[in-house]
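Here's upload_16.tsv, which has TSV, C-alpha atoms and all ligand atoms:
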```tsv
chain	number	residue	atom	x	y	z
A	1	MET	CA	231.18	128.31	107.25
A	2	GLN	CA	232.78	125.76	104.93
A	3	ASN	CA	236.52	125.26	104.99
A	4	ILE	CA	237.38	126.35	101.44
A	5	ASP	CA	240.39	128.16	100.02
A	6	TRP	CA	238.12	131.13	99.23
A	7	GLY	CA	240.85	133.35	97.83
A	8	SER	CA	241.69	130.84	95.08
A	9	LEU	CA	238.15	130.18	93.88
A	10	PRO	CA	237.76	130.41	90.09
A	11	PHE	CA	234.53	131.53	88.41
A	12	GLY	CA	233.12	128.03	88.24
A	13	TYR	CA	230.73	125.58	89.84
A	14	TYR	CA	231.45	124.55	93.41
A	15	PRO	CA	228.85	122.17	94.87
A	16	THR	CA	226.56	123.69	97.51
A	17	TYR	CA	223.73	122.17	99.61
A	18	TYR	CA	220.44	123.17	97.97
A	19	ASN	CA	218.74	124.74	94.96
A	20	VAL	CA	215.23	126.19	94.82
A	21	ARG	CA	212.71	125.21	92.14
A	22	CYS	CA	209.24	126.14	91.00
A	23	TYR	CA	207.11	124.53	88.29
A	24	TYR	CA	204.67	126.17	85.88
A	25	ARG	CA	201.83	123.78	85.03
A	26	ASN	CA	198.21	124.25	83.92
A	27	GLY	CA	198.75	127.97	83.42
A	28	ALA	CA	200.10	128.80	86.90
A	29	TRP	CA	203.33	128.86	88.91
A	30	GLY	CA	203.31	126.44	91.87
A	31	GLU	CA	204.96	126.63	95.30
A	32	LEU	CA	208.72	126.99	95.80
A	33	GLU	CA	210.45	123.65	96.37
A	34	VAL	CA	213.85	123.00	97.91
A	35	SER	CA	216.03	120.32	96.31
A	36	SER	CA	219.45	118.85	96.94
A	37	GLU	CA	219.49	117.17	93.51
A	38	THR	CA	221.92	118.64	91.01
A	39	THR	CA	220.08	117.15	88.04
A	40	ILE	CA	216.68	117.79	86.50
A	41	ASN	CA	214.38	115.31	84.84
A	42	ILE	CA	212.67	116.72	81.76
A	43	HIS	CA	211.04	115.48	78.57
A	44	MET	CA	213.46	114.94	75.69
A	45	GLY	CA	211.21	117.14	73.54
A	46	ALA	CA	211.39	120.09	75.98
A	47	THR	CA	211.58	123.41	74.11
A	48	CYS	CA	214.70	124.47	76.05
A	49	LEU	CA	216.60	121.53	74.60
A	50	HIS	CA	216.10	122.11	70.90
A	51	TYR	CA	214.66	125.59	70.49
A	52	GLY	CA	216.65	127.30	73.24
A	53	GLN	CA	213.58	128.53	75.08
A	54	GLU	CA	215.37	129.52	78.29
A	55	ALA	CA	216.44	132.70	80.04
A	56	PHE	CA	218.75	133.19	83.00
A	57	GLU	CA	220.09	135.74	85.46
A	58	GLY	CA	223.29	136.26	87.40
A	59	LEU	CA	223.48	138.10	90.72
A	60	LYS	CA	225.64	138.02	93.81
A	61	ALA	CA	225.38	137.85	97.60
A	62	HIS	CA	228.29	139.41	99.49
A	63	ARG	CA	229.47	138.93	103.06
A	64	GLY	CA	230.15	142.46	104.21
A	65	VAL	CA	232.92	144.06	106.19
A	66	ASP	CA	230.40	144.03	109.10
A	67	GLY	CA	229.64	140.30	108.62
A	68	LYS	CA	226.16	141.04	107.20
A	69	ILE	CA	224.90	139.36	104.02
A	70	ARG	CA	223.76	141.61	101.19
A	71	ILE	CA	222.23	140.68	97.82
A	72	PHE	CA	222.94	143.33	95.19
A	73	ARG	CA	220.00	144.65	93.14
A	74	LEU	CA	217.75	141.65	93.60
A	75	ASP	CA	214.69	143.46	92.24
A	76	GLU	CA	216.46	144.60	89.07
A	77	ASN	CA	217.48	141.03	88.23
A	78	GLY	CA	213.91	139.85	88.84
A	79	LYS	CA	212.58	142.53	86.49
A	80	ARG	CA	215.12	141.70	83.80
A	81	LEU	CA	214.17	138.02	83.98
A	82	GLN	CA	210.56	139.09	83.37
A	83	SER	CA	211.66	141.11	80.35
A	84	SER	CA	213.57	138.08	79.01
A	85	CYS	CA	210.43	135.97	79.52
A	86	ASP	CA	208.44	138.46	77.45
A	87	GLY	CA	211.16	138.34	74.78
A	88	ILE	CA	210.89	134.60	74.18
A	89	VAL	CA	207.24	134.07	75.18
A	90	MET	CA	207.58	132.40	78.57
A	91	PRO	CA	205.29	133.14	81.53
A	92	ARG	CA	206.69	135.88	83.77
A	93	PHE	CA	207.97	134.70	87.14
A	94	PRO	CA	206.33	136.92	89.78
A	95	LEU	CA	208.78	139.40	91.32
A	96	GLU	CA	207.93	138.52	94.94
A	97	LYS	CA	208.43	134.81	94.20
A	98	PHE	CA	211.76	135.56	92.52
A	99	GLU	CA	212.98	137.49	95.55
A	100	GLU	CA	211.72	134.81	97.95
A	101	ALA	CA	213.44	132.04	95.94
A	102	VAL	CA	216.79	133.83	95.75
A	103	ILE	CA	216.76	134.77	99.45
A	104	LYS	CA	215.84	131.18	100.36
A	105	CYS	CA	218.72	129.89	98.21
A	106	VAL	CA	221.17	132.27	99.90
A	107	LYS	CA	219.99	131.31	103.40
A	108	LEU	CA	220.11	127.57	102.71
A	109	ASN	CA	223.66	127.86	101.36
A	110	ALA	CA	224.93	130.46	103.83
A	111	ASP	CA	227.92	128.24	104.70
A	112	PHE	CA	229.22	128.95	101.19
A	113	ILE	CA	229.13	132.75	101.30
A	114	PRO	CA	232.81	133.68	101.13
A	115	PRO	CA	234.38	135.82	103.86
A	116	PHE	CA	234.76	139.53	103.16
A	117	GLU	CA	238.58	139.47	103.01
A	118	SER	CA	238.63	136.86	100.21
A	119	GLY	CA	237.08	139.19	97.63
A	120	ALA	CA	234.96	136.20	96.48
A	121	SER	CA	231.15	136.12	96.57
A	122	LEU	CA	228.17	133.80	96.31
A	123	TYR	CA	226.91	133.76	92.71
A	124	LEU	CA	223.23	133.04	92.15
A	125	ARG	CA	222.05	131.62	88.83
A	126	PRO	CA	218.26	131.79	88.46
A	127	ARG	CA	216.80	130.59	85.18
A	128	ILE	CA	213.52	129.60	83.53
A	129	ILE	CA	213.48	126.79	81.01
A	130	GLY	CA	210.73	125.54	78.72
A	131	THR	CA	210.10	121.96	79.84
A	132	GLY	CA	206.94	121.22	77.86
A	133	CYS	CA	207.37	118.96	74.82
A	134	ARG	CA	206.97	120.60	71.40
A	135	VAL	CA	208.12	119.39	68.03
A	136	GLY	CA	206.85	122.39	66.06
A	137	VAL	CA	208.38	125.77	66.83
A	138	LYS	CA	206.07	127.26	69.44
A	139	PRO	CA	206.24	128.12	73.14
A	140	ALA	CA	206.00	125.28	75.68
A	141	ASP	CA	203.06	124.90	78.05
A	142	GLU	CA	205.23	123.89	81.02
A	143	TYR	CA	208.26	125.63	82.58
A	144	LEU	CA	210.74	125.21	85.39
A	145	PHE	CA	212.27	128.03	87.42
A	146	LEU	CA	215.45	127.03	89.25
A	147	VAL	CA	218.08	128.97	91.18
A	148	PHE	CA	221.38	127.53	92.36
A	149	ALA	CA	224.18	129.14	94.34
A	150	THR	CA	227.92	128.70	93.96
A	151	PRO	CA	230.85	130.56	95.52
A	152	VAL	CA	232.97	132.29	92.86
A	153	GLY	CA	236.15	134.24	92.39
A	154	PRO	CA	236.89	136.72	89.59
A	155	TYR	CA	235.56	136.13	86.05
A	156	PHE	CA	238.46	137.76	84.25
A	157	LYS	CA	242.10	137.04	85.10
A	158	GLY	CA	243.36	138.74	88.25
A	159	GLY	CA	240.05	140.39	89.17
A	160	PHE	CA	240.61	144.15	89.26
A	161	MET	CA	243.56	143.95	86.86
A	162	ALA	CA	243.91	145.34	83.33
A	163	ASN	CA	243.61	142.71	80.57
A	164	PRO	CA	243.74	142.82	76.76
A	165	TYR	CA	240.52	142.29	74.74
A	166	VAL	CA	239.93	141.65	71.04
A	167	ILE	CA	237.34	142.79	68.49
A	168	THR	CA	235.74	140.08	66.39
A	169	ARG	CA	234.48	141.18	62.97
A	170	LYS	CA	233.78	137.73	61.63
A	171	TYR	CA	230.75	136.97	63.81
A	172	ASP	CA	227.77	138.76	65.29
A	173	ARG	CA	226.35	137.89	68.68
A	174	SER	CA	222.92	139.37	68.14
A	175	ALA	CA	220.98	141.36	65.55
A	176	PRO	CA	219.75	144.96	65.94
A	177	LEU	CA	216.18	143.76	66.45
A	178	GLY	CA	217.14	140.33	67.79
A	179	THR	CA	217.46	138.93	71.31
A	180	GLY	CA	220.59	140.79	72.49
A	181	VAL	CA	218.57	142.81	75.00
A	182	TYR	CA	217.39	139.60	76.68
A	183	LYS	CA	219.52	137.29	78.78
A	184	VAL	CA	218.73	134.15	76.81
A	185	GLY	CA	220.96	131.15	76.16
A	186	GLY	CA	220.87	131.56	72.38
A	187	ASN	CA	222.99	134.73	72.57
A	188	TYR	CA	225.68	132.84	74.43
A	189	ALA	CA	225.57	129.88	72.04
A	190	ALA	CA	226.02	132.42	69.23
A	191	SER	CA	229.12	133.81	70.95
A	192	MET	CA	231.04	130.60	71.60
A	193	ARG	CA	232.71	130.20	68.20
A	194	ALA	CA	233.75	133.84	68.18
A	195	HIS	CA	235.09	133.48	71.73
A	196	VAL	CA	237.12	130.36	70.99
A	197	GLU	CA	238.50	131.68	67.69
A	198	ALA	CA	239.17	135.27	68.72
A	199	CYS	CA	240.53	134.76	72.23
A	200	HIS	CA	243.17	132.16	71.23
A	201	GLY	CA	242.72	130.13	74.41
A	202	GLY	CA	243.45	132.94	76.83
A	203	GLU	CA	245.57	135.50	74.97
A	204	TYR	CA	242.59	137.86	75.31
A	205	ALA	CA	240.18	138.08	78.25
A	206	CYS	CA	237.09	138.32	76.02
A	207	GLU	CA	235.83	139.25	72.56
A	208	PHE	CA	234.07	142.52	71.72
A	209	TYR	CA	231.30	142.68	69.13
A	210	LEU	CA	230.65	145.58	66.81
A	211	ASP	CA	227.10	146.54	65.88
A	212	ALA	CA	225.83	143.93	63.42
A	213	LYS	CA	224.38	146.40	60.90
A	214	GLU	CA	227.25	148.77	60.14
A	215	LYS	CA	230.18	147.10	61.90
A	216	LYS	CA	231.15	150.54	63.09
A	217	PHE	CA	230.14	150.91	66.74
A	218	ILE	CA	231.23	149.02	69.87
A	219	ASP	CA	228.36	146.90	71.16
A	220	GLU	CA	229.57	144.83	74.10
A	221	ALA	CA	231.77	141.92	75.15
A	222	GLY	CA	230.55	138.33	75.19
A	223	ALA	CA	229.99	138.46	78.95
A	224	ALA	CA	229.99	142.15	79.91
A	225	ASN	CA	229.10	145.71	78.83
A	226	PHE	CA	231.71	148.27	77.74
A	227	PHE	CA	232.52	151.70	79.16
A	228	GLY	CA	235.14	154.28	78.30
A	229	ILE	CA	236.32	157.37	80.16
A	230	LYS	CA	237.66	160.68	78.89
A	231	ASP	CA	237.45	164.30	80.06
A	232	ASN	CA	235.83	163.20	83.35
A	233	THR	CA	233.02	161.60	81.34
A	234	TYR	CA	231.74	158.03	81.62
A	235	ILE	CA	230.68	156.90	78.15
A	236	THR	CA	228.83	153.66	77.42
A	237	PRO	CA	227.17	152.33	74.25
A	238	LYS	CA	223.52	152.83	73.43
A	239	SER	CA	222.46	149.94	71.24
A	240	THR	CA	219.41	147.78	70.60
A	241	SER	CA	221.48	144.60	70.57
A	242	ILE	CA	223.20	144.64	73.98
A	243	LEU	CA	222.15	143.45	77.41
A	244	PRO	CA	220.97	146.25	79.73
A	245	SER	CA	223.62	145.57	82.37
A	246	ILE	CA	222.58	146.24	85.95
A	247	THR	CA	226.21	146.85	86.91
A	248	ASN	CA	226.55	149.43	84.13
A	249	LYS	CA	223.30	151.12	85.20
A	250	SER	CA	224.69	151.26	88.76
A	251	LEU	CA	228.06	152.62	87.58
A	252	MET	CA	226.31	155.40	85.64
A	253	GLN	CA	224.63	156.51	88.87
A	254	ILE	CA	227.86	156.19	90.86
A	255	ALA	CA	229.77	158.14	88.18
A	256	GLU	CA	227.28	160.99	88.45
A	257	SER	CA	227.50	160.95	92.23
A	258	LEU	CA	231.30	161.23	91.92
A	259	GLY	CA	230.91	164.32	89.75
A	260	MET	CA	231.46	162.72	86.35
A	261	LYS	CA	229.37	163.41	83.27
A	262	VAL	CA	227.59	160.39	81.85
A	263	GLU	CA	226.92	159.76	78.17
A	264	ARG	CA	225.01	156.81	76.76
A	265	ARG	CA	225.41	156.91	73.02
A	266	PRO	CA	226.90	154.98	70.10
A	267	ILE	CA	230.70	154.72	70.37
A	268	ALA	CA	232.43	154.40	66.99
A	269	GLU	CA	235.48	152.13	67.01
A	270	GLU	CA	237.81	155.03	66.09
A	271	GLU	CA	236.76	156.83	69.26
A	272	LEU	CA	238.60	154.16	71.26
A	273	ALA	CA	241.82	155.97	70.29
A	274	THR	CA	240.67	159.02	72.28
A	275	LEU	CA	239.71	157.25	75.53
A	276	GLU	CA	241.82	157.63	78.65
A	277	GLU	CA	240.42	154.52	80.36
A	278	ALA	CA	238.23	151.60	79.33
A	279	GLY	CA	236.59	148.73	81.11
A	280	ALA	CA	234.25	145.76	80.90
A	281	CYS	CA	231.51	145.63	83.52
A	282	GLY	CA	228.99	143.10	84.73
A	283	THR	CA	228.01	141.00	87.73
A	284	ALA	CA	230.67	138.39	87.03
A	285	ALA	CA	233.23	140.90	85.71
A	286	VAL	CA	232.48	143.62	88.31
A	287	ILE	CA	234.81	146.19	86.70
A	288	SER	CA	237.49	144.60	84.61
A	289	PRO	CA	239.85	147.29	83.36
A	290	ILE	CA	241.03	147.03	79.75
A	291	SER	CA	244.70	147.53	78.89
A	292	ARG	CA	244.32	147.17	75.12
A	293	ILE	CA	241.77	146.32	72.47
A	294	ASP	CA	243.13	144.73	69.29
A	295	ASP	CA	241.22	144.64	66.01
A	296	PRO	CA	243.28	142.03	64.14
A	297	GLU	CA	241.08	142.04	61.05
A	298	SER	CA	241.69	145.76	60.46
A	299	GLY	CA	245.20	145.74	61.93
A	300	LYS	CA	244.34	148.44	64.51
A	301	SER	CA	245.13	148.41	68.20
A	302	TYR	CA	244.02	150.77	70.99
A	303	THR	CA	245.90	151.11	74.28
A	304	PHE	CA	244.52	152.57	77.50
A	305	GLY	CA	246.75	153.94	80.25
A	306	ASP	CA	249.96	152.29	81.41
A	307	GLY	CA	248.75	148.72	81.87
A	308	LYS	CA	247.29	149.42	85.31
A	309	PRO	CA	243.67	150.30	86.19
A	310	GLY	CA	243.09	154.04	85.64
A	311	PRO	CA	242.16	156.47	88.45
A	312	TRP	CA	238.46	156.81	87.55
A	313	SER	CA	238.07	153.04	87.12
A	314	GLU	CA	239.60	152.57	90.54
A	315	LYS	CA	237.24	155.10	92.14
A	316	LEU	CA	234.21	153.53	90.49
A	317	TYR	CA	235.31	150.04	91.49
A	318	ASN	CA	235.96	151.00	95.12
A	319	LYS	CA	232.59	152.71	95.42
A	320	LEU	CA	230.70	149.83	93.81
A	321	ARG	CA	232.45	147.16	95.90
A	322	GLY	CA	232.08	149.39	98.96
A	323	ILE	CA	228.31	149.59	98.53
A	324	GLN	CA	228.06	145.85	97.86
A	325	THR	CA	230.05	144.94	100.97
A	326	GLY	CA	228.81	147.59	103.39
A	327	SER	CA	231.99	149.65	103.70
A	328	GLU	CA	230.21	152.51	101.87
A	329	PRO	CA	226.67	153.63	102.70
A	330	ASP	CA	223.96	152.10	100.50
A	331	GLU	CA	222.89	155.56	99.37
A	332	PHE	CA	220.80	154.30	96.43
A	333	GLY	CA	219.06	151.48	98.34
A	334	TRP	CA	220.51	148.69	96.20
A	335	ASN	CA	221.11	145.96	98.79
A	336	THR	CA	218.74	143.40	100.26
A	337	LEU	CA	219.96	142.40	103.71
A	338	VAL	CA	219.58	138.72	104.48
A	339	GLU	CA	219.19	137.64	108.11
A	340	ILE	CA	220.71	134.21	108.62
A	401	LIG	N1	226.45	141.74	78.84
A	401	LIG	C1	226.38	140.41	78.79
A	401	LIG	C2	226.38	139.77	77.46
A	401	LIG	C3	226.29	139.65	79.97
A	401	LIG	O1	226.22	138.33	79.92
A	401	LIG	C4	226.29	140.31	81.21
A	401	LIG	C5	226.15	139.56	82.45
A	401	LIG	O2	225.12	139.47	83.03
A	401	LIG	C6	226.39	141.70	81.21
A	401	LIG	C7	226.46	142.39	80.03
A	401	LIG	C8	226.39	142.46	82.50
A	401	LIG	O3	225.11	142.53	83.05
A	401	LIG	P1	224.92	142.67	84.62
A	401	LIG	O4	225.70	143.86	85.03
A	401	LIG	O5	223.47	142.87	84.80
A	401	LIG	O6	225.41	141.41	85.22
A	402	LIG	C1	227.06	137.68	84.74
A	402	LIG	O1	227.85	138.61	84.80
A	402	LIG	O2	226.32	137.38	85.70
A	402	LIG	C2	226.95	136.87	83.54
A	402	LIG	O3	225.97	136.20	83.39
A	402	LIG	C3	228.04	136.94	82.56
A	402	LIG	C4	228.59	135.66	82.07
A	402	LIG	C5	229.17	134.80	83.14
A	402	LIG	C6	227.68	134.94	81.16
```
What does the file become when written as structure tokens?
Amino acid sequence: MQNIDWGSLPFGYYPTYYNVRCYYRNGAWGELEVSSETTINIHMGATCLHYGQEAFEGLKAHRGVDGKIRIFRLDENGKRLQSSCDGIVMPRFPLEKFEEAVIKCVKLNADFIPPFESGASLYLRPRIIGTGCRVGVKPADEYLFLVFATPVGPYFKGGFMANPYVITRKYDRSAPLGTGVYKVGGNYAASMRAHVEACHGGEYACEFYLDAKEKKFIDEAGAANFFGIKDNTYITPKSTSILPSITNKSLMQIAESLGMKVERRPIAEEELATLEEAGACGTAAVISPISRIDDPESGKSYTFGDGKPGPWSEKLYNKLRGIQTGSEPDEFGWNTLVEI
């Protein structure tokens, strides 16, 4: 194992040994290739560079309490990448190849999987980019799949700590029938101005978007889904413009198994005032409890709890982390064990 100050790792890039690549040429995906290069050589007219034809994923490998390595919901991330490919007309990457590539990347970089006690994990970033040259707006004929690994700490300040968030009304991240349901770069490009302007360089952890049509319902944060809790019920938005978060899907199942009710439905902004707890959830965010959501443009502010993570959020977090790290049984069959 590498000698790294694992407990202080930010959510950023830390160089590792290898990445795994695969090229799509002449209508077919080739063999997986291992590379130690951190750069890629592509045509300057590649569709990913000017038309944003690219999709990516984010998933984690955890070193467990028992020393074993587990990748969380590998198949779900592979399926979502296929859905993103459909959404922006790229060839689907076969599921078995996706799983093989990610497992290979974890094994080759096993020295960088943080120890259990650190709370850090190995983040995997698979993506597919259009590499074929086009000047007119149409899909490329060549693509590159690439996955790299990097050890990461918490995405939001303090990890499992309550942070303030802010609603942005000035900008939309995605349209009701747009690409919000796909994990494509364009959604993140569309969020950067809102993030920089609304978050004031760190005063808020992240910006929340309202639905683009009516500006009435909570959609999601720039990098995570939203959930609220009241009356022993886990409530999360149903919307055609948000990413179907795999963490959120898992939390809904965990919530039910803990005896909570689960509701997936539109959440009007005013309903925030009635919630007992609120959180942002995602692979990078895990569960990031929310202390307050400000809506500066309407002058409203919503506070949750006493500035500490609420009891249900804590239970959900412990169960999720427990399953990911092997201290709780994998009752839903979510982990892929990796033999090093
Ligand atoms: N929403 C957005 C916009 C995201 O970028 C992410 C991160 O992947 C999520 C939600 C959470 O999704 P998941 O739990 O699958 O990581
Ligand atoms: C993730 O949670 O994996 C994400 O991709 C969110 C963000 C870092 C873009």
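Residues of protein, DNA and RNA with at least one atom no farther than 12 Å from (243.4, 139.8, 62.4) are, using only C-alpha atoms, A:Val166, A:Ile167, A:Thr168, A:Arg169, A:Lys170, A:Glu197, A:Ala198, A:Cys199, A:His200, A:Asp294, A:Asp295, A:Pro296, A:Glu297, A:Ser298, A:Gly299, A:Lys300, A:Ser301.
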Keeping only C-alpha atoms, write those residues as a short mmCIF file (atom, residue, chain, number, x, y, z; two decimals), in the coordinates of the input.
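Dumped to out01.cif:
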```
data_model
loop_
_atom_site.label_atom_id
_atom_site.label_comp_id
_atom_site.auth_asym_id
_atom_site.auth_seq_id
_atom_site.Cartn_x
_atom_site.Cartn_y
_atom_site.Cartn_z
CA VAL A 166 239.93 141.65 71.04
CA ILE A 167 237.34 142.79 68.49
CA THR A 168 235.74 140.08 66.39
CA ARG A 169 234.48 141.18 62.97
CA LYS A 170 233.78 137.73 61.63
CA GLU A 197 238.50 131.68 67.69
CA ALA A 198 239.17 135.27 68.72
CA CYS A 199 240.53 134.76 72.23
CA HIS A 200 243.17 132.16 71.23
CA ASP A 294 243.13 144.73 69.29
CA ASP A 295 241.22 144.64 66.01
CA PRO A 296 243.28 142.03 64.14
CA GLU A 297 241.08 142.04 61.05
CA SER A 298 241.69 145.76 60.46
CA GLY A 299 245.20 145.74 61.93
CA LYS A 300 244.34 148.44 64.51
CA SER A 301 245.13 148.41 68.20
#
```
Between A:Ala101, A:Arg127, A:Gly12, A:Ala28, which is the closest to Phe56 (chain A) once you count all atoms listed in the file?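 Of the candidates, the smallest distance to Phe56 (chain A) is held by A:Arg127.
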How would you write as a PDB file with C-alpha atoms, in the coordinates of the input the residues that get within 8 Å of (213.3, 127.3, 90.7) in the file's frame, counting all atoms listed in the file?
```pdb
ATOM      1  CA  ASN A  19     218.740 124.740  94.960  1.00  0.00           C
ATOM      2  CA  VAL A  20     215.230 126.190  94.820  1.00  0.00           C
ATOM      3  CA  ARG A  21     212.710 125.210  92.140  1.00  0.00           C
ATOM      4  CA  CYS A  22     209.240 126.140  91.000  1.00  0.00           C
ATOM      5  CA  TYR A  23     207.110 124.530  88.290  1.00  0.00           C
ATOM      6  CA  LEU A  32     208.720 126.990  95.800  1.00  0.00           C
ATOM      7  CA  GLU A  33     210.450 123.650  96.370  1.00  0.00           C
ATOM      8  CA  ALA A 101     213.440 132.040  95.940  1.00  0.00           C
ATOM      9  CA  PRO A 126     218.260 131.790  88.460  1.00  0.00           C
ATOM     10  CA  ARG A 127     216.800 130.590  85.180  1.00  0.00           C
ATOM     11  CA  ILE A 128     213.520 129.600  83.530  1.00  0.00           C
ATOM     12  CA  LEU A 144     210.740 125.210  85.390  1.00  0.00           C
ATOM     13  CA  PHE A 145     212.270 128.030  87.420  1.00  0.00           C
ATOM     14  CA  LEU A 146     215.450 127.030  89.250  1.00  0.00           C
ATOM     15  CA  VAL A 147     218.080 128.970  91.180  1.00  0.00           C
TER      16      VAL A 147
END
```
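Nearest-residue note for Glu328 (chain A): choosing from A:Glu37, A:Glu57, A:Asp66, A:Glu31, the minimum distance belongs to A:Asp66, counting all atoms listed in the file.
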Chain A residues near ligand LIG 402 (chain A) within 6 Å, closest pair each, using all atoms listed in the file, as a tab-separated table:
```
residue	atom	partner	partner_atom	distance
A:Gly58	CA	A:LIG402	O2	3.7
A:Leu59	CA	A:LIG402	O2	5.8
A:Ala223	CA	A:LIG402	C3	4.4
A:Gly282	CA	A:LIG402	O1	4.6
A:Thr283	CA	A:LIG402	O1	3.8
A:Ala284	CA	A:LIG402	O1	3.6
A:Ala285	CA	A:LIG402	O1	5.9
```
